[in-house]
$ cat structure07.txt   # compact mmCIF, C-alpha atoms
# COMPACT_ATOMS: atom_id res chain seq x y z
CA MET A 29 177.79 84.89 161.62
CA ASN A 30 177.37 82.44 164.47
CA PHE A 31 176.77 79.72 161.87
CA ILE A 32 179.98 80.61 160.01
CA LYS A 33 181.92 80.59 163.28
CA ARG A 34 180.56 77.18 164.26
CA SER A 35 181.22 75.83 160.77
CA GLY A 36 184.81 77.00 161.00
CA MET A 37 185.21 75.29 164.36
CA TYR A 38 183.71 72.06 163.03
CA LEU A 39 185.93 72.28 159.96
CA ALA A 40 189.04 72.66 162.10
CA GLY A 41 187.83 69.89 164.40
CA ARG A 42 187.36 67.56 161.46
CA ILE A 43 190.28 68.53 159.23
CA VAL A 44 192.98 67.98 161.87
CA PRO A 45 191.80 64.43 162.75
CA SER A 46 191.41 63.68 159.04
CA VAL A 47 195.00 64.76 158.39
CA ILE A 48 196.12 62.49 161.24
CA GLY A 49 194.06 59.64 159.77
CA LEU A 50 195.53 60.20 156.33
CA GLY A 51 198.98 60.21 157.91
CA GLY A 52 198.06 56.82 159.32
CA VAL A 53 197.26 55.62 155.79
CA ALA A 54 200.73 56.73 154.68
CA LEU A 55 202.25 54.72 157.54
CA TYR A 56 200.13 51.60 157.06
CA THR A 57 200.82 51.41 153.31
CA ARG A 58 204.54 51.49 154.05
CA LEU A 59 204.50 49.06 156.97
CA LEU A 60 202.04 46.50 155.57
CA ASP A 61 201.42 44.70 152.30
CA PRO A 62 198.13 45.21 150.43
CA VAL A 63 196.75 41.83 151.63
CA PRO A 64 196.21 42.64 155.36
CA ILE A 65 194.87 46.07 154.44
CA GLY A 66 192.46 44.41 152.02
CA GLU A 67 191.31 42.01 154.75
CA TYR A 68 190.87 44.90 157.16
CA ALA A 69 188.88 46.89 154.59
CA LEU A 70 186.55 43.95 154.00
CA LEU A 71 186.02 43.34 157.73
CA LEU A 72 185.48 47.03 158.38
CA SER A 73 182.87 47.29 155.64
CA VAL A 74 180.97 44.38 157.25
CA THR A 75 181.35 46.09 160.63
CA PHE A 76 179.86 49.31 159.30
CA LEU A 77 177.02 47.40 157.65
CA VAL A 78 175.97 45.75 160.92
CA SER A 79 176.44 48.97 162.90
CA ALA A 80 174.36 50.95 160.42
CA THR A 81 171.58 48.36 160.43
CA ALA A 82 171.37 48.05 164.21
CA TYR A 83 172.11 51.56 165.46
CA THR A 84 171.44 54.23 162.81
CA TRP A 85 167.79 54.65 163.86
CA LEU A 86 168.95 55.49 167.38
CA ARG A 87 171.73 57.87 166.34
CA ILE A 88 169.67 59.81 163.80
CA SER A 89 166.73 60.09 166.22
CA ALA A 90 169.01 61.43 168.94
CA LEU A 91 170.36 64.05 166.55
CA ARG A 92 166.94 64.99 165.18
CA PHE A 93 164.94 65.26 168.42
CA ILE A 94 167.46 66.24 171.10
CA ALA A 95 168.53 69.24 169.04
CA GLY A 96 165.16 70.88 169.75
CA SER A 97 164.32 69.34 173.14
CA ALA A 98 163.96 71.26 176.41
CA GLU A 99 166.29 70.63 179.36
CA ASP A 100 163.55 69.02 181.47
CA GLU A 101 162.96 66.44 178.72
CA LEU A 102 166.58 65.27 178.58
CA PRO A 103 166.59 62.71 181.46
CA ASN A 104 163.94 60.44 179.96
CA LEU A 105 165.24 60.93 176.41
CA LEU A 106 168.81 60.00 177.36
CA ALA A 107 167.74 57.11 179.59
CA THR A 108 165.69 55.65 176.73
CA ILE A 109 168.53 56.06 174.24
CA LEU A 110 171.08 54.49 176.59
CA MET A 111 168.92 51.48 177.42
CA ALA A 112 168.10 50.89 173.74
CA PHE A 113 171.82 51.02 172.91
CA LEU A 114 172.74 48.51 175.62
CA VAL A 115 170.04 46.01 174.66
CA THR A 116 170.94 46.30 170.97
CA SER A 117 174.63 45.71 171.75
CA ILE A 118 173.89 42.54 173.74
CA VAL A 119 172.17 41.11 170.67
CA VAL A 120 174.55 42.43 168.01
CA GLY A 121 177.90 41.34 169.51
CA PRO A 122 177.46 37.54 169.33
CA PHE A 123 175.53 37.82 166.05
CA ILE A 124 178.33 39.56 164.13
CA ALA A 125 180.98 37.16 165.44
CA ALA A 126 178.93 34.14 164.33
CA ALA A 127 178.06 35.69 160.96
CA LEU A 128 181.70 36.53 160.20
CA HIS A 129 182.76 33.00 161.13
CA ILE A 130 180.29 31.63 158.58
CA TYR A 131 181.32 34.24 155.98
CA LYS A 132 185.09 33.82 156.43
CA PRO A 133 185.88 30.62 158.39
CA ALA A 134 189.62 31.21 157.94
CA PHE A 135 189.65 34.22 160.26
CA PRO A 136 190.93 33.40 163.78
CA VAL A 137 188.77 33.84 166.87
CA SER A 138 190.73 36.94 167.90
CA THR A 139 189.87 38.65 164.61
CA LEU A 140 186.19 37.77 164.97
CA ALA A 141 186.12 39.12 168.54
CA LEU A 142 187.77 42.37 167.48
CA ALA A 143 185.32 42.76 164.59
CA ALA A 144 182.37 42.33 166.98
CA ALA A 145 183.92 44.85 169.38
CA ALA A 146 184.44 47.24 166.46
CA VAL A 147 180.71 47.20 165.69
CA ILE A 148 179.72 48.21 169.22
CA ALA A 149 182.59 50.68 169.72
CA SER A 150 181.94 52.53 166.46
CA ALA A 151 178.20 52.74 167.24
CA TRP A 152 178.97 54.12 170.71
CA TYR A 153 181.28 56.75 169.22
CA ASP A 154 178.74 57.78 166.57
CA LEU A 155 175.98 58.08 169.17
CA ASN A 156 178.08 60.28 171.46
CA SER A 157 179.24 62.37 168.52
CA SER A 158 175.62 62.93 167.44
CA LEU A 159 174.61 63.97 170.97
CA LEU A 160 177.42 66.51 171.16
CA GLN A 161 176.43 67.81 167.74
CA ALA A 162 172.75 68.04 168.72
CA ARG A 163 173.63 70.04 171.85
CA LEU A 164 175.95 72.29 169.77
CA SER A 165 178.95 71.31 171.93
CA VAL A 166 181.47 72.17 169.24
CA GLN A 167 184.56 72.22 171.44
CA SER A 168 183.82 68.84 173.03
CA TRP A 169 183.03 67.34 169.62
CA SER A 170 186.36 68.61 168.25
CA ILE A 171 188.30 67.17 171.19
CA LEU A 172 186.56 63.83 170.76
CA THR A 173 187.40 63.57 167.05
CA PHE A 174 191.00 64.55 167.73
CA CYS A 175 191.43 61.95 170.48
CA ARG A 176 189.90 59.30 168.28
CA ALA A 177 192.29 60.01 165.41
CA VAL A 178 195.41 60.12 167.60
CA CYS A 179 194.54 56.91 169.46
CA GLY A 180 193.64 55.05 166.26
CA VAL A 181 196.87 55.82 164.44
CA GLY A 182 199.04 55.53 167.55
CA PHE A 183 197.79 52.16 168.78
CA SER A 184 197.53 50.64 165.29
CA THR A 185 201.13 51.62 164.49
CA LEU A 186 202.36 50.30 167.84
CA LEU A 187 200.63 46.95 167.30
CA ILE A 188 202.02 46.67 163.77
CA PHE A 189 205.54 47.06 165.18
CA MET A 190 204.65 44.35 167.71
CA GLY A 191 204.07 41.95 164.81
CA LEU A 192 200.31 42.11 164.28
CA LYS A 193 198.77 42.85 160.89
CA THR A 194 195.02 42.82 160.30
CA ASN A 195 194.37 42.59 164.05
CA ALA A 196 196.56 45.65 164.64
CA LEU A 197 194.28 47.80 162.50
CA LEU A 198 191.11 46.33 164.05
CA ALA A 199 192.35 46.78 167.62
CA GLY A 200 193.43 50.35 166.89
CA PHE A 201 189.98 51.07 165.49
CA VAL A 202 188.28 49.68 168.61
CA ILE A 203 190.49 51.66 170.99
CA ALA A 204 190.01 54.84 168.97
CA ASN A 205 186.22 54.62 169.15
CA CYS A 206 186.30 53.91 172.89
CA THR A 207 187.60 57.47 173.40
CA ALA A 208 183.90 58.43 173.49
CA LEU A 209 184.04 57.27 177.12
CA LEU A 210 185.90 60.51 177.84
CA PHE A 211 182.57 62.33 177.48
CA VAL A 212 180.42 59.97 179.50
CA LYS A 213 179.32 63.00 181.53
CA ILE A 214 176.80 63.87 178.80
CA TRP A 215 174.82 60.83 180.01
CA VAL A 216 174.56 62.09 183.61
CA PRO A 217 170.96 63.36 183.15
CA ALA A 218 169.95 59.79 182.21
CA GLY A 219 170.38 58.87 185.89
CA ARG A 220 167.43 61.11 186.73
CA GLY A 221 165.22 59.61 184.04
CA SER A 222 163.75 56.27 183.09
CA PHE A 223 163.18 54.22 179.97
CA ASP A 224 160.04 55.32 178.12
CA TRP A 225 158.48 52.94 175.58
CA SER A 226 156.59 55.76 173.87
CA ILE A 227 159.84 57.64 173.22
CA CYS A 228 161.53 54.47 171.97
CA ARG A 229 158.65 53.71 169.59
CA ARG A 230 158.67 57.28 168.31
CA TYR A 231 162.40 57.12 167.66
CA PHE A 232 162.15 53.75 165.95
CA ARG A 233 159.25 54.82 163.71
CA PHE A 234 161.23 57.88 162.67
CA GLY A 235 164.63 56.24 162.33
CA TRP A 236 164.07 52.77 160.90
CA PRO A 237 163.93 53.97 157.27
CA GLN A 238 167.26 55.70 157.89
CA SER A 239 168.67 52.44 159.27
CA VAL A 240 167.43 50.62 156.18
CA GLY A 241 168.94 53.29 153.93
CA ALA A 242 172.28 53.26 155.73
CA ALA A 243 172.32 49.47 155.71
CA GLN A 244 171.71 49.46 151.97
CA GLU A 245 174.58 51.87 151.33
CA TYR A 246 176.96 49.84 153.47
CA ALA A 247 175.65 46.69 151.81
CA ALA A 248 176.82 48.27 148.57
CA SER A 249 180.27 48.73 150.12
CA VAL A 250 180.37 45.12 151.32
CA GLY A 251 179.16 43.91 147.93
CA GLU A 252 181.70 46.03 146.03
CA ARG A 253 184.60 44.89 148.18
CA SER A 254 183.56 41.25 148.17
CA ILE A 255 183.33 41.28 144.37
CA VAL A 256 186.71 43.02 144.06
CA ASP A 257 188.20 40.53 146.55
CA THR A 258 186.85 37.64 144.49
CA GLY A 259 187.81 39.19 141.16
CA VAL A 260 191.33 40.51 141.81
CA GLY A 261 192.27 39.15 145.25
CA ALA A 262 192.94 40.69 148.64
CA ALA A 263 195.97 42.62 147.35
CA GLY A 264 193.90 44.33 144.64
CA LEU A 265 191.21 45.04 147.21
CA GLY A 266 193.83 46.64 149.45
CA ILE A 267 194.83 49.10 146.72
CA PHE A 268 191.20 49.82 145.86
CA ALA A 269 190.25 50.32 149.52
CA VAL A 270 193.15 52.69 150.27
CA ALA A 271 192.37 54.95 147.29
CA TYR A 272 188.61 54.74 147.90
CA ASN A 273 188.86 55.55 151.61
CA PHE A 274 191.27 58.43 151.01
CA GLY A 275 189.00 60.11 148.46
CA SER A 276 185.79 59.60 150.40
CA LEU A 277 187.37 60.70 153.69
CA ALA A 278 188.81 63.86 152.16
CA LEU A 279 185.44 64.99 150.74
CA SER A 280 183.29 63.91 153.68
CA SER A 281 185.65 65.69 156.07
CA VAL A 282 185.22 69.11 154.48
CA ILE A 283 181.56 68.88 153.41
CA GLY A 284 180.47 67.08 156.54
CA ALA A 285 182.28 69.52 158.81
CA VAL A 286 180.46 72.61 157.55
CA SER A 287 177.17 70.70 157.55
CA LEU A 288 177.53 69.63 161.19
CA ALA A 289 176.93 73.18 162.33
CA GLY A 290 174.04 73.92 159.98
CA ILE A 291 171.93 70.78 160.27
CA PRO A 292 170.98 71.14 163.97
CA LEU A 293 170.19 74.82 163.40
CA ALA A 294 167.85 73.85 160.56
CA PHE A 295 166.20 71.22 162.78
CA ARG A 296 165.71 73.80 165.51
CA ALA A 297 164.18 76.36 163.11
CA LYS A 298 161.83 73.70 161.72
CA ASP A 299 160.70 72.55 165.19
CA GLN A 300 160.10 76.13 166.28
CA GLY A 301 157.96 76.81 163.21
CA ASP A 302 160.19 79.64 161.95
CA SER A 303 159.94 79.17 158.17
CA ALA A 304 161.99 82.28 157.34
CA ALA A 305 164.87 81.16 159.58
CA LEU A 306 164.65 77.65 158.12
CA THR A 307 164.91 78.90 154.54
CA ALA A 308 167.80 81.20 155.40
CA GLN A 309 169.65 78.41 157.20
CA LEU A 310 169.15 75.95 154.35
CA GLU A 311 170.45 78.49 151.83
CA ALA A 312 173.51 79.05 153.99
CA ASN A 313 174.05 75.30 154.29
CA ALA A 314 173.82 74.90 150.51
CA GLN A 315 176.17 77.78 149.73
CA LEU A 316 178.86 76.76 152.18
CA SER A 317 178.76 73.02 151.41
CA PHE A 318 179.09 73.61 147.67
CA ALA A 319 181.74 76.32 148.06
CA ILE A 320 183.90 74.02 150.18
CA GLY A 321 183.20 70.69 148.48
CA LEU A 322 183.53 71.49 144.76
CA PRO A 323 187.07 72.95 144.93
CA ALA A 324 188.17 70.06 147.15
CA MET A 325 186.84 67.57 144.60
CA ALA A 326 188.51 69.37 141.69
CA GLY A 327 191.83 69.56 143.53
CA LEU A 328 191.78 65.83 144.24
CA CYS A 329 190.97 65.01 140.62
CA VAL A 330 193.71 67.20 139.14
CA LEU A 331 196.35 66.17 141.69
CA ALA A 332 195.34 62.52 142.05
CA GLU A 333 198.62 61.08 140.77
CA PRO A 334 201.07 63.18 142.85
CA ILE A 335 198.84 62.78 145.90
CA SER A 336 198.71 58.98 145.58
CA HIS A 337 202.48 58.75 145.05
CA PHE A 338 203.14 61.04 148.02
CA VAL A 339 200.69 59.45 150.48
CA PHE A 340 200.60 55.75 149.55
CA GLY A 341 203.48 53.31 149.69
CA PRO A 342 204.98 52.15 146.35
CA LYS A 343 203.14 48.81 146.56
CA PHE A 344 199.84 50.72 146.36
CA TRP A 345 200.54 52.95 143.35
CA ASP A 346 199.22 50.68 140.59
CA GLY A 347 195.88 52.19 139.47
CA ALA A 348 195.38 54.15 142.71
CA SER A 349 195.44 57.63 141.15
CA LEU A 350 192.60 57.01 138.70
CA ILE A 351 190.50 55.32 141.38
CA LEU A 352 191.16 58.30 143.67
CA ALA A 353 189.96 60.78 141.02
CA ILE A 354 186.78 58.80 140.31
CA VAL A 355 186.03 58.39 144.01
CA ALA A 356 186.49 62.13 144.61
CA VAL A 357 183.70 62.92 142.13
CA MET A 358 181.54 60.12 143.53
CA SER A 359 182.04 61.29 147.10
CA PHE A 360 181.13 64.86 146.21
CA ALA A 361 177.79 63.69 144.82
CA ASP A 362 177.16 61.43 147.83
CA ASN A 363 177.95 64.13 150.38
CA ILE A 364 175.92 66.88 148.72
CA ARG A 365 173.00 64.47 148.67
CA ALA A 366 173.43 63.20 152.24
CA PHE A 367 174.24 66.51 153.91
CA TYR A 368 171.89 68.74 151.96
CA PHE A 369 169.21 67.36 149.64
CA ASP A 370 168.33 64.40 151.89
CA GLN A 371 167.61 66.88 154.68
CA ALA A 372 164.21 67.43 153.05
CA PHE A 373 163.20 63.98 154.26
CA GLU A 374 164.60 64.36 157.78
CA LEU A 375 163.14 67.83 158.31
CA SER A 376 159.69 66.68 157.19
CA LEU A 377 159.96 63.43 159.20
CA GLN A 378 159.34 61.43 156.00
CA MET A 379 162.25 58.97 155.82
CA ARG A 380 160.93 56.21 153.56
CA PRO A 381 161.87 57.91 150.26
CA GLN A 382 165.45 58.14 151.51
CA ALA A 383 165.51 54.39 152.12
CA LEU A 384 164.20 53.74 148.60
CA ILE A 385 166.84 56.03 147.09
CA SER A 386 169.53 54.16 149.02
CA LEU A 387 168.15 50.89 147.69
CA VAL A 388 168.47 52.13 144.11
CA ARG A 389 172.06 53.18 144.79
CA THR A 390 172.92 49.79 146.26
CA VAL A 391 171.41 47.84 143.37
CA LEU A 392 173.21 49.98 140.78
CA ALA A 393 176.55 49.85 142.59
CA VAL A 394 176.57 46.09 143.20
CA GLY A 395 175.06 45.29 139.81
CA GLY A 396 177.64 47.48 138.10
CA CYS A 397 180.42 45.69 140.00
CA LEU A 398 179.19 42.31 138.83
CA LEU A 399 179.29 43.55 135.23
CA LEU A 400 182.47 45.65 135.27
CA VAL A 401 184.88 44.09 137.78
CA PRO A 402 185.50 40.89 135.74
CA ARG A 403 186.59 43.07 132.82
CA TYR A 404 188.09 46.19 134.39
CA GLY A 405 189.08 44.99 137.87
CA ALA A 406 188.92 47.46 140.75
CA MET A 407 188.41 50.32 138.29
CA GLY A 408 185.06 48.81 137.36
CA ALA A 409 183.94 49.00 140.99
CA ALA A 410 184.86 52.70 141.14
CA ILE A 411 182.95 53.45 137.92
CA SER A 412 179.83 51.62 139.08
CA ALA A 413 179.89 53.51 142.39
CA LEU A 414 180.19 56.81 140.49
CA VAL A 415 177.15 56.08 138.33
CA ALA A 416 175.11 54.93 141.32
CA SER A 417 175.97 58.07 143.28
CA PHE A 418 174.81 60.46 140.57
CA VAL A 419 171.59 58.54 139.98
CA SER A 420 170.77 58.64 143.71
CA LEU A 421 171.63 62.35 143.85
CA GLY A 422 169.24 63.00 140.97
CA LEU A 423 166.49 61.05 142.71
CA SER A 424 166.97 63.02 145.93
CA VAL A 425 166.86 66.36 144.07
CA TRP A 426 163.67 65.26 142.27
CA TRP A 427 161.88 63.64 145.22
CA GLY A 428 162.83 65.97 148.07
CA PRO A 429 160.67 68.98 147.06
CA ARG A 430 157.56 66.79 147.42
CA MET A 431 158.31 66.78 151.16
CA LEU A 432 160.05 70.11 151.64
CA ALA A 433 161.29 72.67 149.13
CA MET A 434 165.09 72.88 149.47
CA PRO A 435 166.40 76.22 148.18
CA ILE A 436 169.03 76.00 145.44
CA PRO A 437 171.24 79.13 145.33
CA SER A 438 171.96 78.84 141.61
CA ARG A 439 173.81 82.14 141.30
CA ASP A 440 176.22 81.35 144.12
CA TRP A 441 176.77 77.83 142.84
CA LEU A 442 177.60 79.15 139.34
CA LYS A 443 180.17 81.50 140.86
CA THR A 444 181.71 78.53 142.68
CA VAL A 445 181.78 76.48 139.46
CA PHE A 446 183.55 79.32 137.59
CA ALA A 447 186.10 79.90 140.36
CA THR A 448 186.75 76.17 140.69
CA GLY A 449 187.26 75.84 136.93
CA CYS A 450 189.85 78.62 137.01
CA MET A 451 191.59 76.95 139.95
CA ALA A 452 191.65 73.55 138.22
CA LEU A 453 193.02 75.07 135.00
CA THR A 454 195.76 76.82 136.95
CA LEU A 455 196.73 73.56 138.67
CA VAL A 456 196.87 71.75 135.32
CA LEU A 457 199.11 74.44 133.80
CA ILE A 458 201.42 74.46 136.82

$ encode --input "structure07.txt" --output "structure tokens"
Amino acid sequence: MNFIKRSGMYLAGRIVPSVIGLGGVALYTRLLDPVPIGEYALLLSVTFLVSATAYTWLRISALRFIAGSAEDELPNLLATILMAFLVTSIVVGPFIAAALHIYKPAFPVSTLALAAAAVIASAWYDLNSSLLQARLSVQSWSILTFCRAVCGVGFSTLLIFMGLKTNALLAGFVIANCTALLFVKIWVPAGRGSFDWSICRRYFRFGWPQSVGAAQEYAASVGERSIVDTGVGAAGLGIFAVAYNFGSLALSSVIGAVSLAGIPLAFRAKDQGDSAALTAQLEANAQLSFAIGLPAMAGLCVLAEPISHFVFGPKFWDGASLILAIVAVMSFADNIRAFYFDQAFELSLQMRPQALISLVRTVLAVGGCLLLVPRYGAMGAAISALVASFVSLGLSVWWGPRMLAMPIPSRDWLKTVFATGCMALTLVLI
């Protein structure tokens, strides 16, 4: 019952900010043309790629090990994490600015500086969010996500009215992620600790495959968007990015929210050696994620056209509804894999298979784009991402049990499939 309560709190804490963020999409697509949104989407995908490569090992290690750590261990753990973050940021900031200048020389210095700041700010937010999740601080986590959403939409809209375009969205993103400074108190124990090389090495050995995997997935995003940008232009990329981000955000919000409560509990049961509690928690995670995610996916698919016409500005309607439907199915597969089946690797501390699965997904997604975008435009990129997602899900389902048997509640999932089918049929008839 405590798990259901926490899941409900996480769901509320994630749904409200997501609604605010989607409201921002409705504003941006009415205030801006597709071109600046396409430029922003491309820059943001590069930002996420660099952030994932440089920081994911630290974030995932903090979530995995702090969830089961004792209070007297926190000072050294937090001091090590904080120092590693600071050193990484000193290296990453100038690197991303220089790399983007080489990649897109036409971007002004202000845009490059904001992109570099976005890398560090988003990594700082993700790290703080993971720490709050690991310590089961649901209320603080919900406040943080809410503040981030409000600040992002508010400042971006204000800067658009001031005459900025791409830089308005980038600056709003940076300010939104800096709201993590509101919870700097969680780092207070670090003042009583010191940097520990043995802890840092342990975290890096555990987390580097996750960094590689995350980098590969974001590399797929950068590759997809670069190919779409080259094939159909920044305006076509803007339409693709808006529909893609809407569908993926909607699914990750609901599936991710219910998983946020269950994952640390599973980590804790595993670390305490309680196999019965671990199995029960994993079954609960599987049931709730599927019961929430499948109906959300079906609803987006059936209502893709009215949703796209209601949310997006008229300049973004061309082809958006079909892309939205495809991305909804793709995102469901990605999130069930990431938030459930991939947990077999994290729980068993065997992360290399996850990196290899991510590599397969990246190769299929980018390779599919190269083949399909010249003929089908942005739709080809959505189709290639869909195929890559289901292949990687199948690999995770097949490979995971070699590390840790993940229970599959077939009976409950079949009930969800039947209920979702009835719901979808009703929506179609109405």

$ residues_around --input "structure07.txt" --residues "Thr207 in chain A" --least-positions-apart "6" --cutoff "7 Å" --atoms "all atoms listed in the file" --output "compact mmCIF listing (two decimals) with C-alpha atoms, in the frame of the given file"
# COMPACT_ATOMS: atom_id res chain seq x y z
CA LEU A 172 186.56 63.83 170.76
CA CYS A 175 191.43 61.95 170.48
CA ARG A 176 189.90 59.30 168.28

$ closest_residue --input "structure07.txt" --among "A:Gln382, A:Ser303, A:Ser249, A:Ser89" --to "Leu159 in chain A" --atoms "all atoms listed in the file"
A:Ser89

$ atom_distance --input "structure07.txt" --atom1 "CA of Arg365 in chain A" --atom2 "CA of Phe418 in chain A"
9.2 Å

$ atom_distance --input "structure07.txt" --atom1 "CA of Leu350 in chain A" --atom2 "CA of Ser317 in chain A"
24.7 Å

$ residues_around --input "structure07.txt" --residues "Trp152 in chain A" --least-positions-apart "5" --cutoff "12 Å" --atoms "all atoms listed in the file" --output "JSON, numbers by chain"
{"A": [79, 80, 82, 83, 84, 86, 87, 109, 110, 112, 113, 114, 116, 117, 145, 146, 147, 157, 158, 159, 202, 203, 204, 205, 206, 207, 208, 209, 210, 211, 212]}

$ closest_residue --input "structure07.txt" --among "A:Gln309, A:Thr454, A:Ser336, A:Gln315" --to "Ile351 in chain A" --atoms "all atoms listed in the file"
A:Ser336

$ closest_residue --input "structure07.txt" --among "A:Leu322, A:Phe369, A:Trp426, A:Val355" --to "Val445 in chain A" --atoms "all atoms listed in the file"
A:Leu322

$ atom_distance --input "structure07.txt" --atom1 "CA of Leu55 in chain A" --atom2 "CA of Phe201 in chain A"
15.1 Å

$ residues_around --input "structure07.txt" --residues "range 99-103 of chain A" --least-positions-apart "5" --cutoff "9 Å" --atoms "all atoms listed in the file" --output "ChimeraX atom specification"
/A:94,108,215-222

$ residues_around --input "structure07.txt" --residues "Thr139 in chain A" --least-positions-apart "3" --cutoff "8 Å" --atoms "only C-alpha atoms" --output "ChimeraX atom specification"
/A:135-136,142-143,194-195,198

$ write_last_selection --input "structure07.txt" --atoms "C-alpha atoms" --output "mmCIF file, keeping the file's coordinate frame"
data_model
loop_
_atom_site.group_PDB
_atom_site.id
_atom_site.type_symbol
_atom_site.label_atom_id
_atom_site.label_comp_id
_atom_site.auth_asym_id
_atom_site.auth_seq_id
_atom_site.Cartn_x
_atom_site.Cartn_y
_atom_site.Cartn_z
ATOM 1 C CA PHE A 135 189.650 34.220 160.260
ATOM 2 C CA PRO A 136 190.930 33.400 163.780
ATOM 3 C CA LEU A 142 187.770 42.370 167.480
ATOM 4 C CA ALA A 143 185.320 42.760 164.590
ATOM 5 C CA THR A 194 195.020 42.820 160.300
ATOM 6 C CA ASN A 195 194.370 42.590 164.050
ATOM 7 C CA LEU A 198 191.110 46.330 164.050
#

$ closest_atom_pairs --input "structure07.txt" --of "range 307-346 of chain A" --to "range 266-290 of chain A" --cutoff "8 Å" --atoms "all atoms listed in the file" --output "Markdown table"
| residue | atom | partner | partner_atom | distance |
| --- | --- | --- | --- | --- |
| A:Gln309 | CA | A:Gly290 | CA | 6.9 |
| A:Leu310 | CA | A:Gly290 | CA | 7.7 |
| A:Ala312 | CA | A:Gly290 | CA | 7.9 |
| A:Asn313 | CA | A:Gly290 | CA | 5.9 |
| A:Leu316 | CA | A:Val286 | CA | 7.0 |
| A:Ser317 | CA | A:Ile283 | CA | 5.4 |
| A:Phe318 | CA | A:Ile283 | CA | 7.8 |
| A:Ile320 | CA | A:Ile283 | CA | 6.5 |
| A:Gly321 | CA | A:Ile283 | CA | 5.5 |
| A:Ala324 | CA | A:Leu279 | CA | 6.8 |
| A:Met325 | CA | A:Leu279 | CA | 6.8 |
| A:Leu328 | CA | A:Gly275 | CA | 7.6 |
| A:Ser336 | CA | A:Ala271 | CA | 7.7 |
| A:Phe344 | CA | A:Ile267 | CA | 5.3 |
| A:Trp345 | CA | A:Ile267 | CA | 7.7 |
| A:Asp346 | CA | A:Ile267 | CA | 7.7 |

$ closest_residue --input "structure07.txt" --among "A:Leu421, A:Leu71, A:Cys450, A:Ala151" --to "Phe367 in chain A" --atoms "only C-alpha atoms"
A:Leu421

$ build_atoms --input "structure07.txt" --residues "range 144-154 of chain A" --atoms "N, CA, C and O atoms" --output "PDB file, in the frame of the given file"
ATOM      1  N   ALA A 144     183.597  42.110 166.211  1.00  0.00           N
ATOM      2  CA  ALA A 144     182.370  42.330 166.980  1.00  0.00           C
ATOM      3  C   ALA A 144     182.513  43.542 167.888  1.00  0.00           C
ATOM      4  O   ALA A 144     181.586  44.360 168.014  1.00  0.00           O
ATOM      5  N   ALA A 145     183.679  43.686 168.522  1.00  0.00           N
ATOM      6  CA  ALA A 145     183.920  44.850 169.380  1.00  0.00           C
ATOM      7  C   ALA A 145     183.915  46.138 168.554  1.00  0.00           C
ATOM      8  O   ALA A 145     183.467  47.189 169.027  1.00  0.00           O
ATOM      9  N   ALA A 146     184.409  46.051 167.321  1.00  0.00           N
ATOM     10  CA  ALA A 146     184.440  47.240 166.460  1.00  0.00           C
ATOM     11  C   ALA A 146     183.043  47.734 166.145  1.00  0.00           C
ATOM     12  O   ALA A 146     182.804  48.948 166.047  1.00  0.00           O
ATOM     13  N   VAL A 147     182.093  46.811 165.964  1.00  0.00           N
ATOM     14  CA  VAL A 147     180.710  47.200 165.690  1.00  0.00           C
ATOM     15  C   VAL A 147     180.156  48.046 166.832  1.00  0.00           C
ATOM     16  O   VAL A 147     179.609  49.143 166.634  1.00  0.00           O
ATOM     17  N   ILE A 148     180.299  47.535 168.058  1.00  0.00           N
ATOM     18  CA  ILE A 148     179.720  48.210 169.220  1.00  0.00           C
ATOM     19  C   ILE A 148     180.467  49.518 169.508  1.00  0.00           C
ATOM     20  O   ILE A 148     179.853  50.551 169.797  1.00  0.00           O
ATOM     21  N   ALA A 149     181.805  49.485 169.415  1.00  0.00           N
ATOM     22  CA  ALA A 149     182.590  50.680 169.720  1.00  0.00           C
ATOM     23  C   ALA A 149     182.308  51.807 168.735  1.00  0.00           C
ATOM     24  O   ALA A 149     182.176  52.976 169.121  1.00  0.00           O
ATOM     25  N   SER A 150     182.202  51.484 167.444  1.00  0.00           N
ATOM     26  CA  SER A 150     181.940  52.530 166.460  1.00  0.00           C
ATOM     27  C   SER A 150     180.535  53.109 166.637  1.00  0.00           C
ATOM     28  O   SER A 150     180.321  54.319 166.469  1.00  0.00           O
ATOM     29  N   ALA A 151     179.567  52.244 166.995  1.00  0.00           N
ATOM     30  CA  ALA A 151     178.200  52.740 167.240  1.00  0.00           C
ATOM     31  C   ALA A 151     178.166  53.641 168.471  1.00  0.00           C
ATOM     32  O   ALA A 151     177.464  54.662 168.484  1.00  0.00           O
ATOM     33  N   TRP A 152     178.915  53.281 169.509  1.00  0.00           N
ATOM     34  CA  TRP A 152     178.970  54.120 170.710  1.00  0.00           C
ATOM     35  C   TRP A 152     179.585  55.482 170.391  1.00  0.00           C
ATOM     36  O   TRP A 152     179.094  56.523 170.835  1.00  0.00           O
ATOM     37  N   TYR A 153     180.659  55.482 169.615  1.00  0.00           N
ATOM     38  CA  TYR A 153     181.280  56.750 169.220  1.00  0.00           C
ATOM     39  C   TYR A 153     180.311  57.604 168.417  1.00  0.00           C
ATOM     40  O   TYR A 153     180.156  58.803 168.681  1.00  0.00           O
ATOM     41  N   ASP A 154     179.662  57.018 167.416  1.00  0.00           N
ATOM     42  CA  ASP A 154     178.740  57.780 166.570  1.00  0.00           C
ATOM     43  C   ASP A 154     177.585  58.364 167.378  1.00  0.00           C
ATOM     44  O   ASP A 154     177.150  59.498 167.135  1.00  0.00           O
TER      45      ASP A 154
END
